[in-house]
>>> print(open('model_3.txt').read())   # compact mmCIF, C-alpha atoms and all ligand atoms
# COMPACT_ATOMS: atom_id res chain seq x y z
CA MET A 1 13.93 17.46 10.51
CA GLU A 2 17.17 15.72 9.69
CA SER A 3 18.04 15.55 6.04
CA LEU A 4 21.15 13.95 4.67
CA LEU A 5 22.07 15.64 1.45
CA ALA A 6 24.32 13.87 -0.91
CA ARG A 7 27.70 14.78 -1.94
CA SER A 8 28.16 15.92 -5.47
CA ILE A 9 28.70 13.09 -7.93
CA SER A 10 30.11 14.28 -11.26
CA GLY A 11 28.95 17.73 -10.32
CA VAL A 12 25.34 16.65 -9.89
CA SER A 13 23.84 16.94 -6.43
CA LYS A 14 21.40 14.19 -5.59
CA ILE A 15 19.40 13.57 -2.46
CA MET A 16 20.68 10.26 -1.08
CA ALA A 17 18.49 9.86 1.98
CA THR A 18 15.92 11.81 3.91
CA ALA A 19 14.92 10.82 7.43
CA ILE A 20 11.45 9.31 7.35
CA THR A 21 8.56 11.00 9.13
CA PRO A 22 8.39 9.87 12.80
CA GLN A 23 5.44 7.78 14.01
CA GLN A 24 4.27 10.54 16.38
CA THR A 25 4.01 12.97 13.45
CA TYR A 26 1.79 10.45 11.64
CA ILE A 27 -0.39 10.20 14.77
CA ASP A 28 -0.60 13.99 15.18
CA ASP A 29 -0.60 15.25 11.60
CA PHE A 30 -1.86 12.64 9.14
CA ASP A 31 -5.36 13.71 8.15
CA PRO A 32 -7.15 11.07 6.04
CA LYS A 33 -9.39 13.74 4.48
CA ASP A 34 -6.34 15.68 3.28
CA TYR A 35 -4.74 12.46 2.03
CA PHE A 36 -7.87 11.47 0.10
CA GLN A 37 -8.30 14.94 -1.35
CA THR A 38 -4.66 15.18 -2.44
CA SER A 39 -4.40 11.63 -3.72
CA PHE A 40 -7.70 10.15 -4.88
CA ALA A 41 -10.54 12.73 -4.97
CA ALA A 42 -12.40 12.59 -8.30
CA GLY A 43 -10.99 15.00 -10.84
CA GLU A 44 -8.05 16.18 -8.72
CA GLY A 45 -6.28 13.38 -6.85
CA MET A 46 -2.69 13.13 -8.01
CA PHE A 47 -2.62 9.34 -7.73
CA LEU A 48 -5.53 8.94 -10.11
CA GLY A 49 -4.48 7.79 -13.55
CA GLU A 50 -0.90 6.60 -13.58
CA TRP A 51 -0.63 5.15 -10.07
CA THR A 52 -4.13 3.72 -9.79
CA GLU A 53 -3.92 2.21 -13.29
CA PHE A 54 -0.64 0.51 -12.37
CA ALA A 55 -2.00 -0.82 -9.08
CA LEU A 56 -5.45 -1.85 -10.34
CA GLN A 57 -4.18 -3.53 -13.53
CA ASN A 58 -1.46 -5.51 -11.78
CA LEU A 59 -3.80 -6.65 -9.04
CA HIS A 60 -6.54 -7.57 -11.51
CA GLU A 61 -4.10 -9.62 -13.63
CA THR A 62 -2.71 -11.36 -10.55
CA PHE A 63 -6.06 -12.38 -9.14
CA ILE A 64 -7.70 -13.30 -12.46
CA LYS A 65 -4.86 -15.70 -13.27
CA GLY A 66 -5.79 -17.76 -10.21
CA ASP A 67 -2.23 -18.30 -8.95
CA VAL A 68 -2.90 -16.23 -5.84
CA GLN A 69 -5.89 -17.59 -4.00
CA GLY A 70 -7.21 -18.99 -0.73
CA ASN A 71 -9.66 -18.01 2.00
CA THR A 72 -8.06 -15.07 3.72
CA LEU A 73 -6.20 -11.99 2.55
CA LEU A 74 -4.55 -9.64 5.03
CA ASP A 75 -4.07 -6.08 3.81
CA PHE A 76 -1.28 -4.28 5.61
CA GLY A 77 -1.42 -0.48 5.88
CA THR A 78 -4.82 -0.05 4.26
CA GLY A 79 -5.03 3.55 5.38
CA SER A 80 -8.51 4.82 4.63
CA SER A 81 -8.34 3.34 1.11
CA GLY A 82 -9.92 0.24 -0.38
CA TYR A 83 -9.14 0.67 -4.08
CA HIS A 84 -6.46 -2.03 -4.04
CA LEU A 85 -8.92 -4.58 -2.59
CA LEU A 86 -11.56 -4.31 -5.30
CA SER A 87 -10.17 -7.17 -7.39
CA ALA A 88 -9.02 -9.20 -4.38
CA CYS A 89 -12.60 -9.41 -3.13
CA GLU A 90 -13.47 -11.53 -6.19
CA VAL A 91 -11.09 -14.23 -4.92
CA PHE A 92 -10.96 -14.03 -1.12
CA ASP A 93 -13.97 -14.56 1.13
CA ASN A 94 -12.26 -13.07 4.17
CA ILE A 95 -10.34 -9.83 4.04
CA ILE A 96 -8.65 -8.36 7.09
CA THR A 97 -7.61 -4.74 6.73
CA SER A 98 -5.22 -2.88 9.01
CA ASP A 99 -3.57 0.44 9.62
CA PHE A 100 -1.29 2.11 12.14
CA LEU A 101 -3.56 5.14 12.59
CA GLU A 102 -6.86 5.25 14.44
CA GLN A 103 -8.08 8.10 12.20
CA ASN A 104 -7.49 5.97 9.06
CA ARG A 105 -9.21 2.91 10.51
CA ALA A 106 -12.18 5.08 11.54
CA GLU A 107 -12.44 6.59 8.05
CA PHE A 108 -12.35 3.16 6.38
CA GLN A 109 -15.03 1.93 8.81
CA LYS A 110 -17.20 4.85 7.67
CA TRP A 111 -16.98 3.59 4.10
CA LEU A 112 -17.75 0.03 5.22
CA LYS A 113 -20.83 1.29 7.09
CA LYS A 114 -21.96 3.51 4.20
CA ASP A 115 -21.76 6.61 6.37
CA PRO A 116 -22.96 9.60 4.31
CA ASP A 117 -19.67 11.38 5.14
CA ALA A 118 -17.51 8.52 3.86
CA PHE A 119 -15.08 9.23 1.02
CA ASP A 120 -16.51 8.76 -2.45
CA TRP A 121 -14.53 6.01 -4.20
CA SER A 122 -17.14 5.51 -6.95
CA HIS A 123 -14.87 6.75 -9.80
CA ILE A 124 -12.25 4.14 -8.88
CA ILE A 125 -14.83 1.41 -8.34
CA LYS A 126 -16.20 2.21 -11.80
CA ARG A 127 -12.71 1.88 -13.28
CA VAL A 128 -12.17 -1.55 -11.64
CA CYS A 129 -15.53 -2.71 -13.00
CA GLU A 130 -14.38 -1.62 -16.47
CA ILE A 131 -11.05 -3.43 -16.11
CA GLU A 132 -12.96 -6.55 -15.09
CA GLY A 133 -15.23 -6.29 -18.14
CA ASN A 134 -18.20 -4.88 -16.21
CA ARG A 135 -19.31 -8.19 -14.76
CA ASP A 136 -20.53 -6.15 -11.73
CA ASP A 137 -22.00 -2.70 -11.54
CA CYS A 138 -20.43 -0.26 -9.09
CA ASP A 139 -22.93 -0.77 -6.28
CA LYS A 140 -22.61 -4.53 -6.46
CA LYS A 141 -18.82 -4.31 -6.47
CA ALA A 142 -18.76 -2.01 -3.44
CA GLU A 143 -21.15 -4.31 -1.60
CA LYS A 144 -19.00 -7.31 -2.44
CA LEU A 145 -15.93 -5.69 -0.91
CA ARG A 146 -17.86 -4.52 2.15
CA SER A 147 -19.18 -8.04 2.75
CA LYS A 148 -15.70 -9.58 2.55
CA VAL A 149 -13.97 -7.26 5.03
CA LYS A 150 -14.27 -9.05 8.36
CA GLU A 151 -11.91 -7.02 10.54
CA VAL A 152 -10.13 -3.66 10.66
CA LEU A 153 -7.08 -4.10 12.89
CA LYS A 154 -4.38 -1.87 14.29
CA CYS A 155 -0.92 -2.69 12.96
CA ASP A 156 2.60 -1.42 13.38
CA ALA A 157 5.15 -2.54 10.80
CA LEU A 158 8.01 -1.93 13.21
CA LYS A 159 6.86 -4.51 15.77
CA ARG A 160 8.08 -8.10 15.67
CA ASN A 161 4.40 -9.09 15.73
CA PRO A 162 2.85 -6.14 13.85
CA PHE A 163 -0.56 -6.93 15.40
CA ASP A 164 0.64 -7.28 19.00
CA PRO A 165 -1.11 -8.21 21.30
CA ILE A 166 -3.35 -9.95 18.74
CA ILE A 167 -2.04 -13.09 17.04
CA VAL A 168 -3.42 -13.21 13.51
CA PRO A 169 -3.51 -16.81 12.24
CA PRO A 170 -1.40 -17.25 9.09
CA VAL A 171 -3.19 -16.14 5.92
CA ASP A 172 -3.10 -17.16 2.25
CA CYS A 173 -2.14 -13.75 0.96
CA LEU A 174 -0.61 -10.65 2.49
CA LEU A 175 -0.99 -7.47 0.45
CA SER A 176 0.57 -4.10 1.15
CA CYS A 177 0.03 -1.14 -1.10
CA PHE A 178 1.96 2.13 -0.85
CA CYS A 179 2.76 1.63 2.83
CA LEU A 180 6.12 0.18 3.83
CA GLU A 181 8.15 3.18 2.67
CA ALA A 182 6.38 5.19 5.39
CA PRO A 183 7.55 3.28 8.49
CA CYS A 184 10.80 1.75 7.19
CA ARG A 185 13.87 3.95 7.49
CA ASP A 186 15.98 1.98 5.00
CA ILE A 187 16.15 -1.24 3.01
CA LYS A 188 17.44 -3.16 6.05
CA SER A 189 14.38 -2.16 8.03
CA TYR A 190 12.15 -3.00 5.00
CA CYS A 191 13.80 -6.44 4.77
CA ASN A 192 13.22 -6.98 8.48
CA VAL A 193 9.50 -6.23 8.04
CA LEU A 194 9.36 -8.78 5.19
CA LYS A 195 11.02 -11.34 7.50
CA ASN A 196 8.41 -10.67 10.21
CA PHE A 197 5.65 -11.06 7.59
CA GLN A 198 6.75 -14.69 7.15
CA ASP A 199 4.95 -15.57 10.40
CA LEU A 200 1.72 -14.03 9.05
CA LEU A 201 1.71 -16.23 5.93
CA LYS A 202 0.89 -19.89 5.44
CA PRO A 203 3.58 -21.98 3.69
CA GLY A 204 3.01 -21.42 -0.03
CA GLY A 205 1.16 -18.17 0.73
CA HIS A 206 1.72 -15.04 -1.33
CA LEU A 207 3.15 -11.65 -0.45
CA LEU A 208 2.12 -8.85 -2.82
CA ILE A 209 3.74 -5.46 -2.43
CA LEU A 210 3.11 -2.38 -4.56
CA SER A 211 4.62 1.02 -4.07
CA THR A 212 6.67 3.86 -5.49
CA LEU A 213 10.31 3.96 -6.57
CA ASN A 214 12.92 6.60 -5.77
CA ALA A 215 10.52 8.73 -3.72
CA THR A 216 11.55 10.92 -0.82
CA PHE A 217 8.15 12.37 0.14
CA TYR A 218 4.43 12.67 -0.52
CA HIS A 219 1.90 15.20 0.65
CA ALA A 220 -1.44 14.88 2.39
CA GLY A 221 -2.79 18.39 1.96
CA LYS A 222 -0.11 20.83 3.12
CA LYS A 223 1.60 18.23 5.31
CA ARG A 224 4.66 16.55 3.91
CA PHE A 225 5.57 12.95 4.80
CA ASN A 226 9.09 11.77 4.12
CA VAL A 227 9.53 8.17 3.02
CA MET A 228 12.25 5.62 2.53
CA THR A 229 13.66 5.74 -1.01
CA SER A 230 13.05 2.31 -2.57
CA ARG A 231 15.41 1.39 -5.37
CA LYS A 232 14.68 -1.33 -7.88
CA GLU A 233 18.08 -2.97 -7.37
CA ASP A 234 17.60 -3.29 -3.58
CA LEU A 235 14.01 -4.53 -3.51
CA GLU A 236 14.43 -7.99 -5.01
CA ASN A 237 17.47 -8.63 -2.79
CA ALA A 238 15.38 -7.73 0.24
CA PHE A 239 12.66 -10.21 -0.74
CA LYS A 240 15.25 -12.95 -1.33
CA GLU A 241 17.10 -12.24 1.90
CA ALA A 242 13.78 -12.37 3.77
CA GLY A 243 13.23 -15.90 2.42
CA TYR A 244 10.70 -15.41 -0.39
CA HIS A 245 10.64 -16.75 -3.91
CA ILE A 246 9.82 -13.93 -6.35
CA GLU A 247 7.23 -15.02 -8.92
CA LYS A 248 6.78 -11.69 -10.66
CA ALA A 249 8.30 -8.21 -10.46
CA VAL A 250 7.00 -5.29 -12.50
CA TYR A 251 8.65 -1.87 -12.63
CA ALA A 252 7.36 1.13 -14.55
CA PRO A 253 8.58 4.70 -14.82
CA ARG A 254 6.44 7.67 -13.90
CA THR A 255 5.64 9.41 -17.13
CA ASP A 256 3.64 12.40 -15.85
CA LYS A 257 6.10 14.51 -13.87
CA SER A 258 3.78 17.50 -13.58
CA ARG A 259 3.17 17.31 -9.83
CA MET A 260 6.58 16.40 -8.45
CA ASP A 261 6.07 18.98 -5.69
CA VAL A 262 3.17 16.90 -4.30
CA ALA A 263 4.93 13.52 -4.46
CA ASP A 264 8.37 13.05 -5.99
CA TYR A 265 8.39 9.33 -6.88
CA ASP A 266 9.74 8.54 -10.34
CA GLY A 267 8.55 4.98 -10.77
CA LYS A 268 6.29 2.21 -9.46
CA TYR A 269 6.83 -1.41 -8.50
CA PHE A 270 4.74 -4.50 -7.97
CA ILE A 271 6.33 -7.63 -6.53
CA CYS A 272 4.47 -10.92 -6.19
CA ALA A 273 6.41 -13.38 -4.03
CA CYS A 274 5.73 -16.70 -2.40
CA LYS A 275 6.64 -18.10 1.01
CA PRO A 276 8.27 -21.49 0.34
CA LYS A 277 6.23 -24.57 1.32
C1 LIG A 301 0.74 6.70 1.76
S1 LIG A 301 -0.36 6.02 2.95
C2 LIG A 301 -1.04 4.68 2.01
C3 LIG A 301 -2.36 4.19 2.46
C4 LIG A 301 -3.05 3.18 1.50
N1 LIG A 301 -2.42 1.89 1.53
C5 LIG A 301 -3.13 3.70 0.08
O1 LIG A 301 -2.63 3.04 -0.86
O2 LIG A 301 -3.75 4.76 -0.11
C6 LIG A 301 0.81 5.26 4.05
C7 LIG A 301 0.18 4.46 5.16
O3 LIG A 301 1.21 3.93 6.02
C8 LIG A 301 0.67 3.86 7.31
N2 LIG A 301 1.74 3.72 8.31
C9 LIG A 301 2.51 4.69 8.87
N3 LIG A 301 3.29 4.16 9.82
C10 LIG A 301 3.03 2.84 9.87
C11 LIG A 301 3.50 1.76 10.67
N4 LIG A 301 4.44 1.93 11.62
N5 LIG A 301 2.99 0.54 10.44
C12 LIG A 301 2.05 0.34 9.49
N6 LIG A 301 1.55 1.32 8.72
C13 LIG A 301 2.03 2.55 8.91
C14 LIG A 301 -0.08 5.17 7.44
O4 LIG A 301 -1.00 5.15 8.50
C15 LIG A 301 -0.73 5.28 6.07
O5 LIG A 301 -2.00 4.72 6.05
>>> encode(input="model_3.txt", output="structure tokens", more="lines below")
Ligand SMILES: C[S@@+](CC[C@H](N)C(=O)[O-])C[C@H]1O[C@@H](n2cnc3c(N)ncnc32)[C@H](O)[C@@H]1O
Amino acid sequence: MESLLARSISGVSKIMATAITPQQTYIDDFDPKDYFQTSFAAGEGMFLGEWTEFALQNLHETFIKGDVQGNTLLDFGTGSSGYHLLSACEVFDNIITSDFLEQNRAEFQKWLKKDPDAFDWSHIIKRVCEIEGNRDDCDKKAEKLRSKVKEVLKCDALKRNPFDPIIVPPVDCLLSCFCLEAPCRDIKSYCNVLKNFQDLLKPGGHLLILSTLNATFYHAGKKRFNVMTSRKEDLENAFKEAGYHIEKAVYAPRTDKSRMDVADYDGKYFICACKPK
């Protein structure tokens, strides 16, 4: 695998860019069970705590404020996860989820159908209920999300129409959580995806993107997946160049650096932007 190592700046070697993991490797090697176990399994997932708190709190605050609303939310790159949709389902009656991988879509369908082998998200559902002041219990919350998800589509961020051959009518809100750094090789490619997302949004619709900063890889079990390194200073420019108006941008450092060998991000971002009317 190609890896471009940086030159030494002031005597300090820094990784400047690592080639992202090819699509075929995702198809062959990405195991949703390994990803869930490594990232979100109760008591051991490395994204529990810091990452999930950042994502769940920002999404809760965004949806409770009422600025982001409408009938339909399209979630891009859902994977086999639904944690980031638990507050959205309070606002949107129709949720379309999507992922590049058949194995991820199948795993999410298992959760929707309450298959006994489905991943257990109850610890995260419980946390969202707490954040929301326990207006629902966990079972009611899970049922609410299940009832709002109307479709699970195949998507590919690198296609001009990411849902080709399907044309998805423009939606009120497009959400993408911890995804675009996987398929995009650099900020130019990321900006291009944001430009293509314009056609998926109604005028005045919202684009919400959450992900990690300064990462080069994450693990799903023993498999390593290299990602584009998102830098704070490039992200807002990409949104502006793609034609969005940024309403809110939140950046936070990673404080717990204990498992850098599993995923090496050092910060998190949440950007809420609007497609001009
Ligand atoms: C780190 S996982 C995140 C999944 C989920 N959103 C979450 O927060 O747990 C990255 C996701 O990117 C998806 N992905 C990889 N290549 C893609 C592509 N070309 N288009 C869209 N999604 C892609 C993978 O299938 C995977 O689900």
>>> residues_around(input="model_3.txt", residues="A:Leu145", least_positions_apart="2", cutoff="8 Å", atoms="all atoms listed in the file", output="list in words")
Leu85, Leu86, Cys89, Lys141, Ala142, Glu143, Ser147, Lys148 and Val149 of chain A
>>> residues_near_ligand(input="model_3.txt", ligand="ligand LIG 301 (chain A)", cutoff="8 Å", atoms="all atoms listed in the file", output="number ranges by chain")
A: 23, 26, 30, 35-36, 39, 76-84, 98-101, 104, 155-158, 162, 176-184, 218
>>> closest_residue(input="model_3.txt", among="A:Arg231, A:Ala242, A:Pro170, A:Leu175", to="A:Cys191", atoms="all atoms listed in the file")
A:Ala242
>>> closest_residue(input="model_3.txt", among="A:Thr25, A:Ser211, A:Ser87, A:Thr62", to="A:Lys126", atoms="only C-alpha atoms")
A:Ser87
>>> atom_distance(input="model_3.txt", atom1="atom CA of A:Val68", atom2="atom CA of A:Thr97")
17.7 Å
>>> atom_distance(input="model_3.txt", atom1="atom CA of A:Leu213", atom2="atom CA of A:Ser230")
5.1 Å
>>> closest_residue(input="model_3.txt", among="A:Lys232, A:Asp120, A:Tyr265, A:Ile209", to="A:Gln37", atoms="all atoms listed in the file")
A:Asp120
>>> residues_near_point(input="model_3.txt", point="(4.8, -17.1, -1.5)", cutoff="8 Å", atoms="all atoms listed in the file", output="list in words")
Pro203, Gly204, Gly205, His206, Leu207, Tyr244, His245, Ile246, Cys272, Ala273, Cys274, Lys275 and Pro276 of chain A
>>> closest_atom_pairs(input="model_3.txt", of="stretch 113-222 of chain A", to="stretch 235-241 of chain A", cutoff="8 Å", atoms="all atoms listed in the file", output="JSON lines")
{"residue": "A:Ile187", "atom": "CA", "partner": "A:Ala238", "partner_atom": "CA", "distance": 7.1}
{"residue": "A:Lys188", "atom": "CA", "partner": "A:Ala238", "partner_atom": "CA", "distance": 7.7}
{"residue": "A:Tyr190", "atom": "CA", "partner": "A:Ala238", "partner_atom": "CA", "distance": 7.4}
{"residue": "A:Cys191", "atom": "CA", "partner": "A:Ala238", "partner_atom": "CA", "distance": 5.0}
{"residue": "A:Leu194", "atom": "CA", "partner": "A:Phe239", "partner_atom": "CA", "distance": 6.9}
>>> closest_residue(input="model_3.txt", among="A:Gly243, A:Pro253, A:Gly70, A:Gly133", to="A:Lys268", atoms="only C-alpha atoms")
A:Pro253
>>> axis_aligned_box(input="model_3.txt", around="stretch 111-116 of chain A", padding_each_side="4 Å", output="AutoDock Vina command-line options")
--center_x -20.0 --center_y 4.8 --center_z 5.6 --size_x 14.0 --size_y 17.6 --size_z 11.0
>>> atom_distance(input="model_3.txt", atom1="atom CA of A:Phe92", atom2="atom CA of A:Ala41")
27.0 Å
>>> closest_residue(input="model_3.txt", among="A:Met228, A:Phe163, A:Lys222, A:Pro169", to="A:Arg185", atoms="all atoms listed in the file")
A:Met228
>>> closest_residue(input="model_3.txt", among="A:Lys150, A:Lys159, A:Lys277, A:His219", to="A:Asn196", atoms="only C-alpha atoms")
A:Lys159
>>> closest_atom_pairs(input="model_3.txt", of="stretch 160-255 of chain A", to="stretch 42-56 of chain A", cutoff="8 Å", atoms="all atoms listed in the file", output="JSON lines")
{"residue": "A:Leu210", "atom": "CA", "partner": "A:Ala55", "partner_atom": "CA", "distance": 7.0}
{"residue": "A:Arg254", "atom": "CA", "partner": "A:Glu50", "partner_atom": "CA", "distance": 7.4}
{"residue": "A:Thr255", "atom": "CA", "partner": "A:Glu50", "partner_atom": "CA", "distance": 8.0}
>>> write_last_selection(input="model_3.txt", atoms="C-alpha atoms", output="mmCIF file, in the coordinates of the input")
data_model
loop_
_atom_site.group_PDB
_atom_site.id
_atom_site.type_symbol
_atom_site.label_atom_id
_atom_site.label_comp_id
_atom_site.auth_asym_id
_atom_site.auth_seq_id
_atom_site.Cartn_x
_atom_site.Cartn_y
_atom_site.Cartn_z
ATOM 1 C CA LEU A 210 3.110 -2.380 -4.560
ATOM 2 C CA ARG A 254 6.440 7.670 -13.900
ATOM 3 C CA THR A 255 5.640 9.410 -17.130
#
